[in-house]
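Trainee: Sharing query-v1.tsv, TSV, C-alpha atoms:
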chain	number	residue	atom	x	y	z
U	168	MET	CA	-32.94	2.18	-23.96
U	169	VAL	CA	-31.00	-0.64	-25.64
U	170	GLY	CA	-32.99	-2.28	-28.42
U	171	SER	CA	-32.46	-5.61	-30.11
U	172	ALA	CA	-30.07	-5.97	-33.04
U	173	ASN	CA	-33.05	-5.81	-35.42
U	174	LEU	CA	-34.36	-2.61	-33.88
U	175	ASN	CA	-30.92	-1.00	-34.09
U	176	VAL	CA	-30.73	-1.89	-37.80
U	177	MET	CA	-34.15	-0.30	-38.34
U	178	ILE	CA	-33.24	2.91	-36.48
U	179	LYS	CA	-30.00	3.24	-38.43
U	180	ALA	CA	-31.81	2.77	-41.76
U	181	ALA	CA	-34.49	5.32	-40.81
U	182	ARG	CA	-31.87	7.90	-39.83
U	183	LYS	CA	-29.92	7.39	-43.03
U	184	ALA	CA	-33.04	7.76	-45.19
U	185	GLY	CA	-34.06	10.77	-43.09
U	186	ARG	CA	-30.78	12.56	-43.80
U	187	SER	CA	-31.29	12.05	-47.53
U	188	LEU	CA	-34.91	13.25	-47.38
U	189	ILE	CA	-34.02	16.38	-45.39
U	190	LYS	CA	-31.59	17.36	-48.15
U	191	ASP	CA	-34.30	16.88	-50.76
U	192	PHE	CA	-36.83	18.70	-48.60
U	193	GLY	CA	-34.53	21.73	-48.60
U	194	GLU	CA	-34.76	21.77	-52.38
U	195	VAL	CA	-38.41	20.80	-52.59
U	196	GLU	CA	-39.12	23.58	-55.10
U	197	GLN	CA	-36.68	22.09	-57.60
U	198	LEU	CA	-37.73	18.47	-57.21
U	199	GLN	CA	-38.57	16.62	-60.39
U	200	VAL	CA	-42.02	15.35	-59.54
U	201	SER	CA	-43.68	12.63	-61.54
U	202	VAL	CA	-47.42	12.08	-61.21
U	203	LYS	CA	-48.63	8.60	-60.30
U	204	GLY	CA	-52.41	9.06	-60.33
U	205	ALA	CA	-54.90	11.38	-58.66
U	206	GLY	CA	-53.61	12.94	-55.47
U	207	ASP	CA	-50.68	10.54	-55.37
U	208	PHE	CA	-47.44	12.37	-56.18
U	209	VAL	CA	-44.22	10.49	-56.02
U	210	SER	CA	-40.80	12.05	-56.19
U	211	LYS	CA	-37.22	11.04	-56.68
U	212	ALA	CA	-36.81	11.66	-52.97
U	213	ASP	CA	-39.32	8.93	-52.11
U	214	ILE	CA	-37.72	6.33	-54.37
U	215	GLY	CA	-34.21	7.31	-53.24
U	216	ALA	CA	-35.18	6.92	-49.58
U	217	GLU	CA	-36.66	3.49	-50.25
U	218	GLN	CA	-33.43	2.38	-51.96
U	219	ILE	CA	-31.38	3.53	-48.96
U	220	ILE	CA	-33.64	1.67	-46.51
U	221	LYS	CA	-33.73	-1.47	-48.62
U	222	SER	CA	-29.98	-1.60	-48.98
U	223	GLU	CA	-29.45	-1.11	-45.21
U	224	LEU	CA	-32.06	-3.66	-44.16
U	225	MET	CA	-31.25	-6.28	-46.79
U	226	ASN	CA	-27.51	-6.04	-46.15
U	227	ALA	CA	-28.15	-6.69	-42.47
U	228	ARG	CA	-30.89	-9.34	-42.95
U	229	PRO	CA	-30.64	-10.78	-46.47
U	230	THR	CA	-33.16	-13.58	-45.81
U	231	TYR	CA	-36.11	-11.40	-44.75
U	232	GLY	CA	-39.02	-10.60	-47.05
U	233	TRP	CA	-39.97	-7.09	-48.13
U	234	LEU	CA	-43.17	-5.06	-48.56
U	235	ALA	CA	-42.93	-1.38	-49.43
U	236	GLU	CA	-44.93	1.39	-51.02
U	237	GLU	CA	-42.72	1.95	-54.06
U	238	GLY	CA	-41.07	-1.43	-54.56
U	239	GLY	CA	-43.95	-3.83	-53.91
U	240	ALA	CA	-43.66	-7.24	-52.24
U	241	GLU	CA	-40.81	-9.76	-52.31
U	242	GLU	CA	-40.73	-13.15	-50.64
U	243	GLY	CA	-37.61	-13.78	-48.53
U	244	ALA	CA	-35.69	-17.02	-47.99
U	245	ASP	CA	-37.09	-16.80	-44.44
U	246	PRO	CA	-40.87	-16.83	-45.08
U	247	THR	CA	-41.69	-15.96	-41.44
U	248	ARG	CA	-40.14	-12.50	-41.39
U	249	ARG	CA	-40.57	-9.42	-43.54
U	250	TRP	CA	-39.90	-5.71	-43.49
U	251	ILE	CA	-42.87	-3.38	-44.08
U	252	VAL	CA	-41.65	0.04	-45.20
U	253	ASP	CA	-43.03	3.45	-46.13
U	254	PRO	CA	-39.97	5.51	-47.09
U	255	LEU	CA	-41.92	8.77	-47.06
U	256	ASP	CA	-45.28	8.93	-45.31
U	257	GLY	CA	-46.78	12.36	-45.89
U	258	THR	CA	-45.64	12.85	-49.50
U	259	THR	CA	-48.15	15.63	-50.12
U	260	ASN	CA	-46.91	17.56	-47.06
U	261	PHE	CA	-43.33	17.03	-48.26
U	262	LEU	CA	-44.05	18.38	-51.73
U	263	HIS	CA	-45.82	21.42	-50.27
U	264	GLY	CA	-42.90	22.24	-47.99
U	265	LEU	CA	-44.81	21.28	-44.82
U	266	PRO	CA	-42.38	19.82	-42.25
U	267	HIS	CA	-44.61	16.93	-41.17
U	268	TRP	CA	-43.68	13.62	-42.79
U	269	ALA	CA	-41.93	10.46	-41.69
U	270	VAL	CA	-39.99	7.32	-42.49
U	271	SER	CA	-41.84	4.22	-41.29
U	272	ILE	CA	-40.24	0.76	-40.88
U	273	ALA	CA	-41.84	-2.30	-39.28
U	274	LEU	CA	-40.73	-5.89	-38.81
U	275	GLU	CA	-43.34	-8.62	-39.06
U	276	HIS	CA	-42.77	-12.14	-37.71
U	277	LYS	CA	-45.31	-14.89	-38.45
U	278	GLY	CA	-47.96	-12.32	-39.31
U	279	GLN	CA	-47.44	-10.22	-36.15
U	280	VAL	CA	-45.68	-6.85	-36.08
U	281	VAL	CA	-42.85	-7.26	-33.54
U	282	ALA	CA	-40.95	-3.97	-33.97
U	283	GLY	CA	-41.64	-0.55	-35.43
U	284	VAL	CA	-39.82	2.71	-36.08
U	285	VAL	CA	-41.41	6.02	-37.14
U	286	TYR	CA	-38.84	8.77	-37.70
U	287	ASP	CA	-39.71	12.45	-38.21
U	288	PRO	CA	-36.49	13.97	-39.60
U	289	SER	CA	-37.77	17.58	-39.56
U	290	LYS	CA	-38.11	17.47	-35.77
U	291	ASP	CA	-35.51	14.73	-35.17
U	292	GLU	CA	-38.10	12.64	-33.31
U	293	MET	CA	-37.47	8.89	-33.46
U	294	PHE	CA	-40.46	6.88	-32.22
U	295	PHE	CA	-39.86	3.16	-31.79
U	296	ALA	CA	-41.21	0.10	-30.07
U	297	GLU	CA	-40.54	-3.59	-29.74
U	298	LYS	CA	-42.97	-6.25	-28.62
U	299	GLY	CA	-42.83	-6.48	-24.82
U	300	ALA	CA	-40.18	-3.74	-24.47
U	301	GLY	CA	-42.34	-0.61	-24.39
U	302	ALA	CA	-42.44	2.40	-26.71
U	303	TRP	CA	-39.94	5.25	-26.84
U	304	MET	CA	-39.30	8.61	-28.44
U	305	ASN	CA	-35.58	9.34	-28.54
U	306	GLU	CA	-34.58	8.77	-24.88
U	307	SER	CA	-38.06	9.07	-23.34
U	308	ARG	CA	-40.46	6.27	-22.51
U	309	LEU	CA	-43.86	6.81	-24.17
U	310	ARG	CA	-47.27	6.45	-22.55
U	311	VAL	CA	-50.68	7.09	-24.09
U	312	SER	CA	-52.59	10.01	-22.58
U	313	GLY	CA	-54.40	9.64	-19.28
U	314	ARG	CA	-57.49	11.57	-20.36
U	315	ASN	CA	-60.77	9.85	-19.67
U	316	ARG	CA	-63.38	12.39	-20.85
U	317	MET	CA	-64.24	12.62	-24.55
U	318	ILE	CA	-65.01	16.34	-24.27
U	319	GLU	CA	-61.37	17.03	-23.21
U	320	SER	CA	-59.81	14.77	-25.85
U	321	ILE	CA	-58.51	15.38	-29.36
U	322	PHE	CA	-58.49	12.80	-32.11
U	323	ALA	CA	-56.71	12.44	-35.44
U	324	THR	CA	-57.81	11.02	-38.78
U	325	GLY	CA	-57.16	11.32	-42.48
U	326	LEU	CA	-59.73	13.03	-44.69
U	327	PRO	CA	-60.46	11.39	-48.05
U	328	PHE	CA	-59.21	13.42	-51.02
U	329	SER	CA	-59.62	13.34	-54.81
U	330	GLY	CA	-63.07	11.85	-54.79
U	331	ARG	CA	-62.25	8.79	-52.69
U	332	SER	CA	-65.22	6.57	-51.91
U	333	ASP	CA	-64.86	6.72	-48.12
U	334	LEU	CA	-65.75	10.43	-47.92
U	335	PRO	CA	-69.42	9.92	-46.89
U	336	ALA	CA	-68.43	7.53	-44.07
U	337	THR	CA	-65.76	9.93	-42.81
U	338	LEU	CA	-68.16	12.88	-42.83
U	339	LYS	CA	-70.62	10.82	-40.79
U	340	ASP	CA	-67.84	9.97	-38.33
U	341	LEU	CA	-67.04	13.66	-37.95
U	342	GLY	CA	-70.72	14.53	-37.52
U	343	ARG	CA	-70.93	12.14	-34.56
U	344	LEU	CA	-67.50	12.87	-33.06
U	345	LEU	CA	-67.02	16.66	-33.30
U	346	PRO	CA	-69.94	17.55	-30.96
U	347	VAL	CA	-68.55	15.39	-28.14
U	348	CYS	CA	-64.77	15.99	-28.24
U	349	ALA	CA	-62.23	18.83	-27.98
U	350	GLY	CA	-61.23	18.63	-31.64
U	351	VAL	CA	-60.10	16.57	-34.61
U	352	ARG	CA	-56.77	17.04	-36.39
U	353	ARG	CA	-55.77	16.06	-39.92
U	354	PHE	CA	-51.98	16.34	-40.27
U	355	GLY	CA	-51.49	14.13	-43.32
U	356	ALA	CA	-49.19	11.31	-42.17
U	357	ALA	CA	-50.85	8.25	-40.60
U	358	SER	CA	-47.62	6.85	-39.15
U	359	LEU	CA	-47.10	10.08	-37.18
U	360	ASP	CA	-50.76	10.16	-36.13
U	361	LEU	CA	-50.22	6.74	-34.53
U	362	ALA	CA	-46.88	7.74	-32.99
U	363	TYR	CA	-48.60	10.82	-31.51
U	364	VAL	CA	-51.29	8.63	-29.93
U	365	GLY	CA	-48.47	6.59	-28.37
U	366	ALA	CA	-46.87	9.80	-27.11
U	367	GLY	CA	-50.14	11.07	-25.58
U	368	ARG	CA	-50.30	14.04	-27.97
U	369	TYR	CA	-53.52	12.73	-29.50
U	370	ASP	CA	-56.02	10.73	-27.46
U	371	GLY	CA	-57.07	8.53	-30.37
U	372	PHE	CA	-56.93	7.95	-34.13
U	373	TRP	CA	-59.09	6.28	-36.76
U	374	GLU	CA	-58.95	5.95	-40.53
U	375	ARG	CA	-60.11	3.79	-43.44
U	376	ARG	CA	-58.43	2.67	-46.66
U	377	LEU	CA	-54.86	2.66	-45.43
U	378	GLN	CA	-52.03	0.38	-46.58
U	379	PRO	CA	-50.01	-2.00	-44.35
U	380	TRP	CA	-46.96	0.31	-44.59
U	381	ASP	CA	-49.06	3.24	-43.27
U	382	LEU	CA	-50.05	1.28	-40.18
U	383	ALA	CA	-47.57	-1.43	-39.21
U	384	ALA	CA	-44.91	0.56	-37.32
U	385	GLY	CA	-47.35	2.97	-35.67
U	386	MET	CA	-49.62	0.17	-34.41
U	387	ILE	CA	-46.94	-1.44	-32.27
U	388	ILE	CA	-45.89	1.97	-30.92
U	389	VAL	CA	-49.48	2.60	-29.72
U	390	ARG	CA	-49.81	-0.89	-28.22
U	391	GLU	CA	-46.46	-0.77	-26.43
U	392	ALA	CA	-47.35	2.69	-25.07
U	393	GLY	CA	-50.44	1.16	-23.45
U	394	GLY	CA	-53.07	1.97	-26.06
U	395	LEU	CA	-55.75	-0.25	-27.58
U	396	VAL	CA	-55.72	-0.91	-31.34
U	397	GLU	CA	-58.55	-2.63	-33.21
U	398	PRO	CA	-59.88	-2.94	-36.76
U	399	LEU	CA	-63.04	-0.90	-37.46
U	400	ASN	CA	-64.85	-4.18	-38.07
U	401	PRO	CA	-64.27	-6.05	-34.78
U	402	ALA	CA	-64.01	-9.34	-36.70
U	403	GLY	CA	-61.50	-7.91	-39.18
U	404	ASP	CA	-57.74	-7.48	-39.36
U	405	VAL	CA	-56.10	-4.04	-39.21
U	406	LEU	CA	-53.33	-4.63	-41.76
U	407	GLN	CA	-55.47	-6.65	-44.19
U	408	ASP	CA	-58.49	-4.33	-44.04
U	409	GLY	CA	-56.52	-1.07	-43.83
U	410	GLU	CA	-58.96	0.21	-41.20
U	411	ILE	CA	-58.06	1.16	-37.67
U	412	VAL	CA	-59.40	2.68	-34.49
U	413	CYS	CA	-57.13	3.24	-31.48
U	414	ALA	CA	-57.12	5.20	-28.24
U	415	ASN	CA	-56.09	4.98	-24.60
U	416	GLU	CA	-57.97	2.46	-22.49
U	417	PRO	CA	-60.41	4.79	-20.65
U	418	LEU	CA	-61.61	6.40	-23.91
U	419	PHE	CA	-61.47	3.43	-26.25
U	420	SER	CA	-64.91	1.88	-25.93
U	421	GLY	CA	-66.78	5.20	-26.13
U	422	PHE	CA	-64.63	6.46	-29.03
U	423	ALA	CA	-64.84	3.18	-30.96
U	424	LYS	CA	-68.63	3.10	-30.51
U	425	ILE	CA	-68.93	6.58	-32.05
U	426	ILE	CA	-66.68	5.71	-35.01
U	427	ARG	CA	-68.36	2.36	-35.62
U	428	GLY	CA	-71.68	4.20	-35.63
What do you get writing this file as structure tokens?

Mentor:
Amino acid sequence: MVGSANLNVMIKAARKAGRSLIKDFGEVEQLQVSVKGAGDFVSKADIGAEQIIKSELMNARPTYGWLAEEGGAEEGADPTRRWIVDPLDGTTNFLHGLPHWAVSIALEHKGQVVAGVVYDPSKDEMFFAEKGAGAWMNESRLRVSGRNRMIESIFATGLPFSGRSDLPATLKDLGRLLPVCAGVRRFGAASLDLAYVGAGRYDGFWERRLQPWDLAAGMIIVREAGGLVEPLNPAGDVLQDGEIVCANEPLFSGFAKIIRG
């Protein structure tokens, strides 16, 4: 698989940040952790990874804009293109020594995500996709699962923590979904949840109250792997609303109907 120049820049940046994070992950017990609000821990590792990614991407494409979890938004000289970055998705897993977290990098052009990379350094799995070029994990082409029966399918979501206001809605979702499916998983990194839908490991994913950097790269991976991605409110916008429902084509309408209640 030969990607575009932009995709190659993104993969290189993700790998470089991943190497730095793996080192920090090895010393996770000694990390100096600062607290940034309820349930939202941020570490030197996170900020360091963002600096690595920013320097790689901005050196290669100095005119592009920037939107990232730690560093906020910056307008670029080219207003049509921007990077959307989560340097460490799954911070809580990381700080607990759980090897399930990722680097997420997306490229947006004129409001559309055109390329995405989700890298899991612990397992050395690099998921990536480019508009019209399919989705890949390392050397393998990705396809969403072929399952067409809800009762055989597993779904992923995030569960609200620290008193978040979307808990009642999520519990209602689970009340409707659990009786009709083979299970629901909560692994704690939305970018990997989406990548896993693209890889056919999960059959679908939904969540509320996410940020653009949680969703952008994973969305294009699901779409390019043949999945359907929609906002929870059919008239809405996934990145603006931070709400998503996605699945393979045979399951989508039934799954979305359950989640939308």

Trainee: Would you mind reading off the distance between CA of Ala172 in chain U and CA of Ala282 in chain U, one decimal, in Å?

Mentor: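 Taking CA of Ala172 in chain U as the start and CA of Ala282 in chain U as the end point, the length is 11.1 Å.
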
Trainee: Applying 9 Å and only C-alpha atoms, which residues near Val351 in chain U remain after dropping the ones on its own chain fewer than 2 positions away? List them as a PyMOL selection string.

Mentor: chain U and resi 320-324+341+344-345+348-349+353

Trainee: Select all residues near (-37.5, 16.8, -46.9) (cut-off 9 Å, inclusive, file coordinates), counting all atoms listed in the file, and output them as a list in words.

Mentor: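 With a cut-off of 9 Å, the residues come to Gly185, Arg186, Ser187, Leu188, Ile189, Lys190, Asp191, Phe192, Gly193, Glu194, Val195, Ala212, Phe261, Leu262, Gly264, Leu265, Pro266, Trp268, Pro288 and Ser289 of chain U.
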
Trainee: Which distance in Å separates CA of Asp287 in chain U and CA of Ile388 in chain U, to one decimal?

Mentor: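 Those two atoms sit 14.2 Å apart.
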
Trainee: Could you work out how far CA of Leu361 in chain U lies from CA of Arg390 in chain U, giving the answer in Å with one decimal?

Mentor: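 Distance between the two atoms: 9.9 Å.
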
Trainee: Could you name the residues that touch range 311-315 of chain U at 9 Å or less, counting all atoms listed in the file, but leaving out those on the same chain fewer than 6 positions away, as a list in words?

Mentor: Tyr363, Val364, Gly365, Ala366, Gly367, Arg368, Tyr369, Asp370, Val389, Ala392, Gly393, Gly394, Ala414, Asn415, Glu416, Pro417 and Leu418 of chain U

Trainee: May I ask which of the residues U:Ala300, U:Val252, U:Val284, U:Ile426 is the closest one to Leu174 in chain U, counting all atoms listed in the file?

Mentor: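 Comparing U:Ala300, U:Val252, U:Val284, U:Ile426 against Leu174 in chain U, the winner is U:Val284.
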
Trainee: Return the single residue from U:Asn226, U:Gly325, U:Leu406, U:Ile220 that is closest to Glu275 in chain U, with distances computed using all atoms listed in the file.

Mentor: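 Residue with the minimum atom-to-atom distance to Glu275 in chain U: U:Leu406.
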
Trainee: Which of these, U:Thr230, U:Thr258, U:Met177, U:Lys424, has the shortest distance to Ile214 in chain U once you count only C-alpha atoms?

Mentor: U:Thr258

Trainee: List the spatial neighbours of Glu391 in chain U as an MDAnalysis selection string - criterion: any atom at most 8 Å away, all atoms listed in the file, same-chain residues fewer than 6 positions off excluded.

Mentor: chainID U and resid 296:302 365

Trainee: Which residue, U:Arg376, U:Asp213, U:Arg182, U:Asn400, has the smallest gap to Asp291 in chain U when you use all atoms listed in the file?

Mentor: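 Among the listed residues, U:Arg182 lies closest to Asp291 in chain U.
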
Trainee: Using only C-alpha atoms, can you tell me which of U:Gly215, U:Pro346, U:Pro379, U:Gly330 comes closest to Gly409 in chain U?

Mentor: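 Nearest to Gly409 in chain U: U:Pro379.
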
Trainee: Excluding Leu274 in chain U and residues on its chain fewer than 3 positions from it, collect all residues at most 9 Å away from it, counting all atoms listed in the file, and give them as JSON, numbers by chain.

Mentor: {"U": [173, 174, 177, 248, 249, 250, 251, 252, 279, 280, 281, 282, 283, 383, 384]}

Trainee: What's the 8 Å shell around range 396-398 of chain U, counting all atoms listed in the file, without same-chain residues fewer than 6 positions away, as a PyMOL selection string?

Mentor: chain U and resi 386+389-390+404-405+408+410-414

Trainee: Which residue is closest to Phe354 in chain U? Choose from U:His267, U:Lys211, U:Arg316, U:Arg228 and count all atoms listed in the file.

Mentor: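 The answer is U:His267, which sits nearest to Phe354 in chain U.
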